[in-house]
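Data block for my_file24.cif (mmCIF, C-alpha atoms):
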```
data_data
loop_
_atom_site.label_atom_id
_atom_site.label_comp_id
_atom_site.auth_asym_id
_atom_site.auth_seq_id
_atom_site.Cartn_x
_atom_site.Cartn_y
_atom_site.Cartn_z
CA MET K 1 0.00 0.00 0.00
CA THR K 2 2.86 2.38 0.93
CA ALA K 3 4.67 1.74 -2.36
CA THR K 4 1.49 2.48 -4.29
CA ARG K 5 1.04 5.82 -2.51
CA ILE K 6 4.62 6.78 -3.26
CA ARG K 7 4.15 6.07 -6.99
CA ILE K 8 0.96 8.18 -7.11
CA CYS K 9 2.60 11.11 -5.31
CA SER K 10 5.62 10.92 -7.59
CA GLY K 11 3.37 11.01 -10.65
CA ILE K 12 1.52 14.07 -9.38
CA CYS K 13 4.78 15.89 -8.66
CA ARG K 14 6.15 15.17 -12.12
CA SER K 15 2.89 16.43 -13.72
CA LYS K 16 3.11 19.68 -11.73
CA GLN K 17 6.75 20.17 -12.68
CA GLN K 18 5.96 19.64 -16.39
CA LEU K 19 3.07 22.10 -16.27
CA HIS K 20 5.23 24.72 -14.51
CA ALA K 21 7.94 24.27 -17.10
CA VAL K 22 5.53 24.63 -20.00
CA VAL K 23 3.50 27.56 -18.70
CA GLY K 24 6.28 29.40 -16.84
CA ARG K 25 6.25 30.63 -13.28
CA GLY K 26 9.10 33.13 -13.22
CA LYS K 27 8.51 36.81 -12.70
CA GLY K 28 7.51 38.50 -15.94
CA HIS K 29 6.79 35.20 -17.57
CA GLU K 30 3.54 34.25 -15.91
CA ARG K 31 1.09 32.66 -18.33
CA THR K 32 -2.10 30.84 -17.64
CA ALA K 33 -2.76 27.42 -19.11
CA HIS K 34 -5.42 29.00 -21.31
CA GLU K 35 -2.87 31.45 -22.77
CA HIS K 36 -0.48 28.59 -23.42
CA TYR K 37 -3.07 26.61 -25.34
CA ALA K 38 -4.17 29.64 -27.31
CA SER K 39 -0.64 30.73 -28.28
CA ASN K 40 0.43 27.26 -29.34
CA ASN K 41 -2.85 26.35 -31.05
CA VAL K 42 -3.26 23.44 -28.64
CA ARG K 43 -6.76 22.39 -27.69
CA PRO K 44 -7.30 20.29 -24.54
CA LYS K 45 -9.49 17.26 -24.91
CA PHE K 46 -12.34 18.93 -23.02
CA PHE K 47 -12.43 21.76 -25.67
CA SER K 48 -13.76 19.65 -28.52
CA SER K 49 -13.85 21.16 -32.02
CA ALA K 50 -16.90 19.06 -32.90
CA PRO K 51 -20.36 20.64 -32.65
CA PRO K 52 -22.05 20.11 -29.26
CA PHE K 53 -24.66 17.42 -28.84
CA TYR K 54 -27.46 19.94 -29.42
CA GLY K 55 -26.03 21.00 -32.77
CA ALA K 56 -23.98 23.89 -34.10
CA ALA K 57 -25.10 27.45 -33.50
CA ALA K 58 -27.49 28.72 -36.16
CA PRO K 59 -26.26 31.62 -38.33
CA PRO K 60 -27.84 35.03 -37.73
CA SER K 61 -31.25 35.33 -39.34
CA SER K 62 -31.39 37.49 -42.48
CA ARG K 63 -35.16 37.44 -42.85
CA TYR K 64 -35.55 41.15 -42.28
CA THR K 65 -32.26 42.56 -43.55
CA ARG K 66 -34.13 44.38 -46.34
CA GLN K 67 -37.25 45.25 -44.40
CA GLY K 68 -36.52 46.07 -40.77
CA ALA K 69 -35.35 44.74 -37.44
CA TYR K 70 -35.88 41.07 -36.75
CA ILE K 71 -38.52 40.11 -34.20
CA PRO K 72 -38.83 36.44 -33.17
CA PRO K 73 -42.04 34.60 -34.09
CA LEU K 74 -44.90 35.43 -31.75
CA SER K 75 -46.42 32.87 -29.43
CA PRO K 76 -50.22 32.41 -29.65
CA LEU K 77 -50.69 34.55 -26.55
CA GLN K 78 -48.40 37.28 -27.89
CA ARG K 79 -50.23 37.18 -31.21
CA ILE K 80 -53.59 37.70 -29.50
CA ALA K 81 -52.23 40.50 -27.32
CA THR K 82 -50.67 42.22 -30.33
CA LEU K 83 -53.92 41.92 -32.30
CA VAL K 84 -56.06 43.36 -29.50
CA HIS K 85 -53.69 46.22 -28.69
CA SER K 86 -53.04 47.13 -32.35
CA SER K 87 -56.73 46.90 -33.27
CA ILE K 88 -57.75 49.29 -30.47
CA THR K 89 -54.94 51.67 -31.44
CA ALA K 90 -55.86 51.57 -35.13
CA LEU K 91 -59.55 52.18 -34.43
CA ASN K 92 -58.76 55.15 -32.20
CA ASP K 93 -56.23 56.58 -34.66
CA PRO K 94 -56.42 55.21 -38.24
CA THR K 95 -53.31 57.24 -39.15
CA ARG K 96 -51.16 54.97 -36.96
CA ALA K 97 -49.61 52.99 -39.81
CA ASP K 98 -47.63 50.79 -37.41
CA ALA K 99 -50.77 49.60 -35.64
CA VAL K 100 -52.64 49.00 -38.88
CA ALA K 101 -49.65 47.09 -40.24
CA ALA K 102 -49.43 44.93 -37.11
CA VAL K 103 -53.09 43.94 -37.45
CA GLY K 104 -52.49 42.96 -41.06
CA GLU K 105 -49.51 40.80 -40.18
CA VAL K 106 -50.93 38.87 -37.22
CA THR K 107 -54.17 38.10 -39.08
CA GLY K 108 -52.97 37.64 -42.65
CA SER K 109 -50.87 34.46 -42.77
CA TYR K 110 -53.55 32.32 -44.45
CA ALA K 111 -54.47 34.96 -47.04
CA LEU K 112 -50.78 35.70 -47.72
CA SER K 113 -50.14 31.99 -48.28
CA LYS K 114 -52.91 31.91 -50.89
CA MET K 115 -51.52 35.06 -52.48
CA LYS K 116 -48.09 33.44 -52.70
CA ILE K 117 -49.52 30.31 -54.34
CA THR K 118 -51.40 32.46 -56.85
CA MET K 119 -48.21 34.32 -57.69
CA GLN K 120 -46.27 31.07 -58.01
CA ASN K 121 -48.82 29.85 -60.59
CA ASP K 122 -48.38 32.97 -62.71
CA GLU K 123 -45.29 33.54 -64.87
CA VAL K 124 -44.89 37.19 -63.91
CA GLY K 125 -45.83 36.53 -60.29
CA LYS K 126 -43.27 33.73 -60.11
CA ARG K 127 -40.56 36.05 -61.38
CA ILE K 128 -41.54 38.71 -58.86
CA LEU K 129 -41.18 36.21 -56.01
CA ARG K 130 -37.81 35.13 -57.36
CA GLU K 131 -36.35 38.59 -57.97
CA MET K 132 -38.13 40.35 -55.08
CA PRO K 133 -38.21 43.90 -56.50
CA LEU K 134 -38.65 46.72 -54.00
CA VAL K 135 -39.97 50.21 -54.58
CA ASP K 136 -37.14 52.66 -54.03
CA GLU K 137 -36.00 56.11 -55.05
CA ARG K 138 -34.81 54.88 -58.44
CA ILE K 139 -38.36 53.90 -59.36
CA ALA K 140 -39.67 57.32 -58.34
CA GLN K 141 -36.87 59.05 -60.22
CA ARG K 142 -37.70 57.14 -63.40
CA ALA K 143 -41.37 58.02 -62.99
CA PHE K 144 -40.61 61.73 -62.65
CA GLU K 145 -38.40 61.58 -65.74
CA LEU K 146 -41.34 60.14 -67.69
CA LEU K 147 -43.63 62.85 -66.33
CA LYS K 148 -41.18 65.53 -67.45
CA LEU K 149 -40.98 63.99 -70.91
CA HIS K 150 -44.77 63.77 -71.10
CA ASN K 151 -45.27 67.37 -70.07
CA GLY K 152 -42.65 68.60 -72.52
CA ALA K 153 -44.13 66.64 -75.42
CA THR K 154 -47.81 67.37 -74.81
CA ASN K 155 -47.75 70.81 -73.16
CA ASN K 156 -49.82 69.36 -70.29
CA CYS K 157 -52.96 68.95 -72.45
CA ASP K 158 -52.91 65.29 -73.55
CA THR K 159 -53.84 62.86 -70.80
CA GLU K 160 -55.02 59.96 -72.94
CA LYS K 161 -51.47 58.83 -73.76
CA LEU K 162 -50.18 59.28 -70.25
CA SER K 163 -47.73 56.55 -69.30
CA PHE K 164 -48.14 54.58 -66.10
CA GLY K 165 -44.86 56.03 -64.81
CA ALA K 166 -45.95 59.61 -65.50
CA ALA K 167 -49.28 58.96 -63.80
CA TYR K 168 -47.46 57.45 -60.82
CA ALA K 169 -45.19 60.51 -60.57
CA THR K 170 -48.24 62.78 -60.76
CA PHE K 171 -49.84 60.87 -57.89
CA LEU K 172 -46.70 61.15 -55.74
CA LYS K 173 -46.24 64.83 -56.54
CA THR K 174 -49.89 65.78 -56.01
CA HIS K 175 -50.09 64.17 -52.58
CA ASP K 176 -46.45 64.73 -51.56
CA PHE K 177 -45.85 61.03 -50.97
CA ASP K 178 -42.54 59.24 -50.50
CA PRO K 179 -42.81 55.75 -52.03
CA THR K 180 -40.23 54.36 -49.60
CA GLU K 181 -42.20 55.33 -46.49
CA ARG K 182 -43.93 52.04 -45.89
CA THR K 183 -44.00 50.33 -42.50
CA PRO K 184 -41.55 47.40 -42.51
CA VAL K 185 -42.84 43.90 -41.85
CA ARG K 186 -42.19 42.86 -38.23
CA PHE K 187 -44.47 40.01 -37.17
CA LEU K 188 -44.22 37.48 -40.01
CA SER K 189 -41.62 34.76 -39.45
CA ASP K 190 -41.87 33.25 -42.94
CA PRO K 191 -39.51 35.21 -45.25
CA GLU K 192 -41.62 34.55 -48.36
CA LEU K 193 -44.85 35.68 -46.72
CA SER K 194 -42.96 38.65 -45.35
CA TYR K 195 -42.03 39.66 -48.88
CA VAL K 196 -45.58 39.14 -50.19
CA MET K 197 -46.85 41.51 -47.50
CA THR K 198 -44.10 44.01 -48.33
CA ARG K 199 -44.98 43.81 -52.01
CA TYR K 200 -48.66 44.34 -51.25
CA ARG K 201 -47.90 47.43 -49.19
CA GLN K 202 -45.51 48.93 -51.69
CA CYS K 203 -47.92 48.35 -54.59
CA HIS K 204 -50.75 50.17 -52.83
CA ASP K 205 -49.87 53.47 -54.51
CA TYR K 206 -49.76 51.65 -57.86
CA PHE K 207 -53.32 50.51 -57.19
CA HIS K 208 -54.35 54.11 -56.63
CA VAL K 209 -52.90 55.05 -60.01
CA LEU K 210 -54.60 52.16 -61.82
CA THR K 211 -58.01 52.85 -60.31
CA GLY K 212 -57.78 56.63 -60.28
CA LEU K 213 -58.86 56.71 -56.63
CA PRO K 214 -57.35 59.52 -54.51
CA PRO K 215 -56.00 58.82 -51.00
CA THR K 216 -59.03 60.31 -49.25
CA VAL K 217 -61.00 58.36 -46.65
CA LEU K 218 -63.69 57.46 -49.17
CA GLY K 219 -61.10 56.69 -51.86
CA GLU K 220 -59.13 54.44 -49.52
CA LEU K 221 -62.25 52.52 -48.48
CA ALA K 222 -63.27 52.01 -52.09
CA LEU K 223 -59.79 50.67 -52.87
CA LYS K 224 -59.88 48.41 -49.80
CA TRP K 225 -62.98 46.70 -51.14
CA LEU K 226 -61.18 45.97 -54.41
CA GLU K 227 -58.10 44.77 -52.52
CA LEU K 228 -60.32 42.49 -50.45
CA MET K 229 -61.70 40.95 -53.63
CA GLN K 230 -58.17 40.39 -54.93
CA THR K 231 -56.28 39.36 -51.79
CA GLY K 232 -58.74 38.14 -49.18
CA LEU K 233 -56.67 39.85 -46.47
CA PRO K 234 -58.61 40.27 -43.21
CA LEU K 235 -57.07 43.72 -42.80
CA ALA K 236 -58.75 44.85 -46.03
CA ALA K 237 -62.09 43.62 -44.69
CA LEU K 238 -61.57 45.32 -41.33
CA SER K 239 -60.56 48.57 -42.99
CA ALA K 240 -63.40 48.47 -45.50
CA THR K 241 -66.07 47.87 -42.87
CA GLY K 242 -64.67 49.61 -39.79
CA GLY K 243 -63.50 52.65 -41.73
CA SER K 244 -67.00 53.33 -43.02
CA LEU K 245 -68.06 54.22 -39.46
CA ARG K 246 -66.04 57.42 -39.77
CA LEU K 247 -67.89 58.56 -42.88
CA THR K 248 -70.74 61.02 -42.98
CA ALA K 249 -74.18 59.74 -43.94
CA GLN K 250 -73.73 61.12 -47.47
CA GLU K 251 -70.28 59.58 -47.89
CA ARG K 252 -71.54 56.25 -46.58
CA GLU K 253 -74.33 56.28 -49.15
CA ILE K 254 -71.81 56.97 -51.94
CA LEU K 255 -69.60 54.14 -50.70
CA TRP K 256 -72.38 51.54 -50.68
CA THR K 257 -74.22 52.65 -53.82
CA VAL K 258 -71.28 53.60 -56.06
CA TYR K 259 -67.92 52.23 -54.94
CA PHE K 260 -68.94 48.94 -53.36
CA PRO K 261 -70.67 47.76 -56.59
CA TRP K 262 -67.69 49.03 -58.60
CA ALA K 263 -65.20 47.10 -56.47
CA ILE K 264 -67.25 43.88 -56.69
CA ARG K 265 -67.62 44.22 -60.47
CA VAL K 266 -63.94 44.97 -61.14
CA GLY K 267 -62.73 42.38 -58.65
CA ARG K 268 -64.76 39.66 -60.37
CA GLN K 269 -63.74 40.55 -63.90
CA MET K 270 -60.03 40.52 -63.04
CA LYS K 271 -58.09 37.28 -62.85
CA ASP K 272 -57.00 35.97 -59.45
CA GLY K 273 -53.98 37.89 -58.26
CA GLY K 274 -54.39 40.38 -61.07
CA LEU K 275 -53.10 43.26 -58.99
CA MET K 276 -50.18 41.36 -57.46
CA CYS K 277 -48.95 39.61 -60.60
CA VAL K 278 -47.86 42.78 -62.38
CA TYR K 279 -44.20 43.80 -62.58
CA TYR K 280 -45.04 47.48 -62.17
CA GLU K 281 -41.41 48.56 -62.22
CA GLU K 282 -41.16 47.28 -65.80
CA GLU K 283 -44.43 48.92 -66.88
CA MET K 284 -43.41 52.54 -66.33
CA ASP K 285 -43.34 53.28 -70.07
CA THR K 286 -46.64 51.53 -70.79
CA GLU K 287 -49.64 53.75 -71.50
CA LEU K 288 -51.94 53.80 -68.51
CA SER K 289 -55.04 53.08 -70.58
CA VAL K 290 -53.37 50.07 -72.24
CA MET K 291 -52.23 48.75 -68.89
CA ARG K 292 -55.68 49.10 -67.38
CA GLU K 293 -57.26 47.22 -70.26
CA ARG K 294 -54.73 44.40 -70.04
CA ILE K 295 -55.10 43.96 -66.28
CA GLY K 296 -58.87 44.43 -66.36
CA VAL K 297 -59.09 47.50 -64.15
CA GLU K 298 -62.01 49.81 -64.81
CA PRO K 299 -61.25 53.32 -63.52
CA ALA K 300 -63.35 54.16 -60.49
CA PRO K 301 -66.19 56.66 -60.97
CA LEU K 302 -65.53 60.04 -59.41
CA VAL K 303 -68.33 61.53 -57.35
CA GLY K 304 -67.97 65.15 -56.29
CA ASP K 305 -64.69 65.75 -54.46
CA LEU K 306 -64.56 62.10 -53.31
#
```

Exercise: express the given structure as structure tokens:
Amino acid sequence: MTATRIRICSGICRSKQQLHAVVGRGKGHERTAHEHYASNNVRPKFFSSAPPFYGAAAPPSSRYTRQGAYIPPLSPLQRIATLVHSSITALNDPTRADAVAAVGEVTGSYALSKMKITMQNDEVGKRILREMPLVDERIAQRAFELLKLHNGATNNCDTEKLSFGAAYATFLKTHDFDPTERTPVRFLSDPELSYVMTRYRQCHDYFHVLTGLPPTVLGELALKWLELMQTGLPLAALSATGGSLRLTAQEREILWTVYFPWAIRVGRQMKDGGLMCVYYEEEMDTELSVMRERIGVEPAPLVGDL
């Protein structure tokens, strides 16, 4: 037993002496074992280079690099809380674009999935999903160039041959809109559905140009009914019905007798996804009347000042 203890103690002493010699204990030469391993590219056995049993760390998510800050997927309870809070906020203040957008995102997954499938079954829609175009300042600049060319060639008197781009620039200029000021998607975890929602939001001004509806309360509600026919988004239904409560009795009558029938008629005569399966950025030079006829959009009737 005594001989065994002596051998064990001798082994421990030798191990300590080797470690001191390797790491260094003299003044000015102190190094920890960790520094020794790092400087000599030596990895102890308990620092395995293999991924841990639960798997390697996932790379940073890039789902919102082009749209805004990443927010993790909501739990069912968080989704309900967000819906209730955002709905109350939006009803109290319809100008709160962030609240309106949040309602659209937490309620629109099913409709967005159908919109994506419709786009995937269309040649142009499929290309839009693949290339993911975004409305930016270059698009607006091209539109204003077309408007300048149109005004110089027609002396502001010929509107029949107005290009879609020139009409789009006129819309932006008249209402002092910035096409890049759209609320980024925050509550959709699926990157493809996130883009479909972004595309829908960014094309909203294009829809105004196609239909000829101004961004007034009545004009927005009329357009929401058409969007509901084309997209099935719950937000469009909520906006179209809830927003009418803020109208006067006369405006409400115009909405239900003029614009509701118009939206139903146009929505039915257009193909599914007709508004979403248009590469608007490539149609800037197309005459507005030709584009409307091809897509199947009948300009909305104008009643008074709308």

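Shortest separation to Arg292 (chain K) among K:Thr211, K:Thr118, K:Thr170, K:Gln269 occurs at residue K:Thr211, atoms counted being all atoms listed in the file.
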
(message) Just to confirm, what's the straight-line distance from CA of Cys277 (chain K) to CA of Asp122 (chain K) in Å (one decimal)?
(response) 7.0 Å

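Residues in contact with region 258-262 of chain K at up to 10 Å, not including ones fewer than 5 positions away on its chain and judged by all atoms listed in the file, are Leu218, Gly219, Leu221, Ala222, Leu223, Lys224, Trp225, Leu226, Ala240, Arg252, Glu253, Gly267, Arg268, Glu298, Pro299, Ala300, Pro301, Leu302 and Val303 of chain K.
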
Suppose we keep C-alpha atoms; can you now write the selection as an mmCIF file, in the frame of the given file?
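See again.cif below for the written result:
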```
data_model
loop_
_atom_site.group_PDB
_atom_site.id
_atom_site.type_symbol
_atom_site.label_atom_id
_atom_site.label_comp_id
_atom_site.auth_asym_id
_atom_site.auth_seq_id
_atom_site.Cartn_x
_atom_site.Cartn_y
_atom_site.Cartn_z
ATOM 1 C CA LEU K 218 -63.690 57.460 -49.170
ATOM 2 C CA GLY K 219 -61.100 56.690 -51.860
ATOM 3 C CA LEU K 221 -62.250 52.520 -48.480
ATOM 4 C CA ALA K 222 -63.270 52.010 -52.090
ATOM 5 C CA LEU K 223 -59.790 50.670 -52.870
ATOM 6 C CA LYS K 224 -59.880 48.410 -49.800
ATOM 7 C CA TRP K 225 -62.980 46.700 -51.140
ATOM 8 C CA LEU K 226 -61.180 45.970 -54.410
ATOM 9 C CA ALA K 240 -63.400 48.470 -45.500
ATOM 10 C CA ARG K 252 -71.540 56.250 -46.580
ATOM 11 C CA GLU K 253 -74.330 56.280 -49.150
ATOM 12 C CA GLY K 267 -62.730 42.380 -58.650
ATOM 13 C CA ARG K 268 -64.760 39.660 -60.370
ATOM 14 C CA GLU K 298 -62.010 49.810 -64.810
ATOM 15 C CA PRO K 299 -61.250 53.320 -63.520
ATOM 16 C CA ALA K 300 -63.350 54.160 -60.490
ATOM 17 C CA PRO K 301 -66.190 56.660 -60.970
ATOM 18 C CA LEU K 302 -65.530 60.040 -59.410
ATOM 19 C CA VAL K 303 -68.330 61.530 -57.350
#
```

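Comparing the minimum interatomic distances between Lys161 (chain K) and each of K:Thr286, K:Ile117, K:Asp205, K:Gly296, counting all atoms listed in the file, we find that K:Thr286 sits nearest.
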
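Put simply, CA of Thr107 (chain K) is 19.9 Å away from CA of Met119 (chain K).
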
(message) Can you measure CA of Met115 (chain K) to CA of Gly273 (chain K) for me? One decimal in Å is fine.
(response) 6.9 Å

(request) Give the answer as one residue: which of K:Gln250, K:Phe171, K:Val278, K:Glu137 has the shortest atom-to-atom distance to Val124 (chain K), using only C-alpha atoms? (result) K:Val278

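Of the residues listed (K:Arg294, K:Arg186, K:Ser163, K:Met197), K:Arg294 shows the shortest atom-to-atom separation from Lys271 (chain K); distances use only C-alpha atoms.
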
(request) Select, from K:Leu77, K:Asp176, K:Tyr195, K:Asp285, the residue with the minimum atom-to-atom distance to Glu145 (chain K), counting all atoms listed in the file. (result) K:Asp285

Test item: axis-aligned box, all listed atoms of region 124-143 of chain K, 4 Å on each side, centre and edges in Å rounded to one decimal, as lines of an AutoDock Vina configuration file:
```
center_x = -40.3
center_y = 46.4
center_z = -59.0
size_x = 19.0
size_y = 33.3
size_z = 17.9
```

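Distances here use only C-alpha atoms; by that measure, the residue among K:Ala143, K:Val297, K:Val135, K:Met284 closest to Gln202 (chain K) is K:Val135.
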
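For the structure shown here, the set of residues caught by the PyMOL selection byres ((chain K and resi 146) around 12) is K:Ile139, K:Ala140, K:Gln141, K:Arg142, K:Ala143, K:Phe144, K:Glu145, K:Leu147, K:Lys148, K:Leu149, K:His150, K:Asn151, K:Gly152, K:Ala153, K:Lys161, K:Leu162, K:Ser163, K:Phe164, K:Gly165, K:Ala166, K:Ala167, K:Tyr168, K:Ala169, K:Thr170, K:Glu283, K:Met284, K:Asp285, K:Thr286, K:Glu287.
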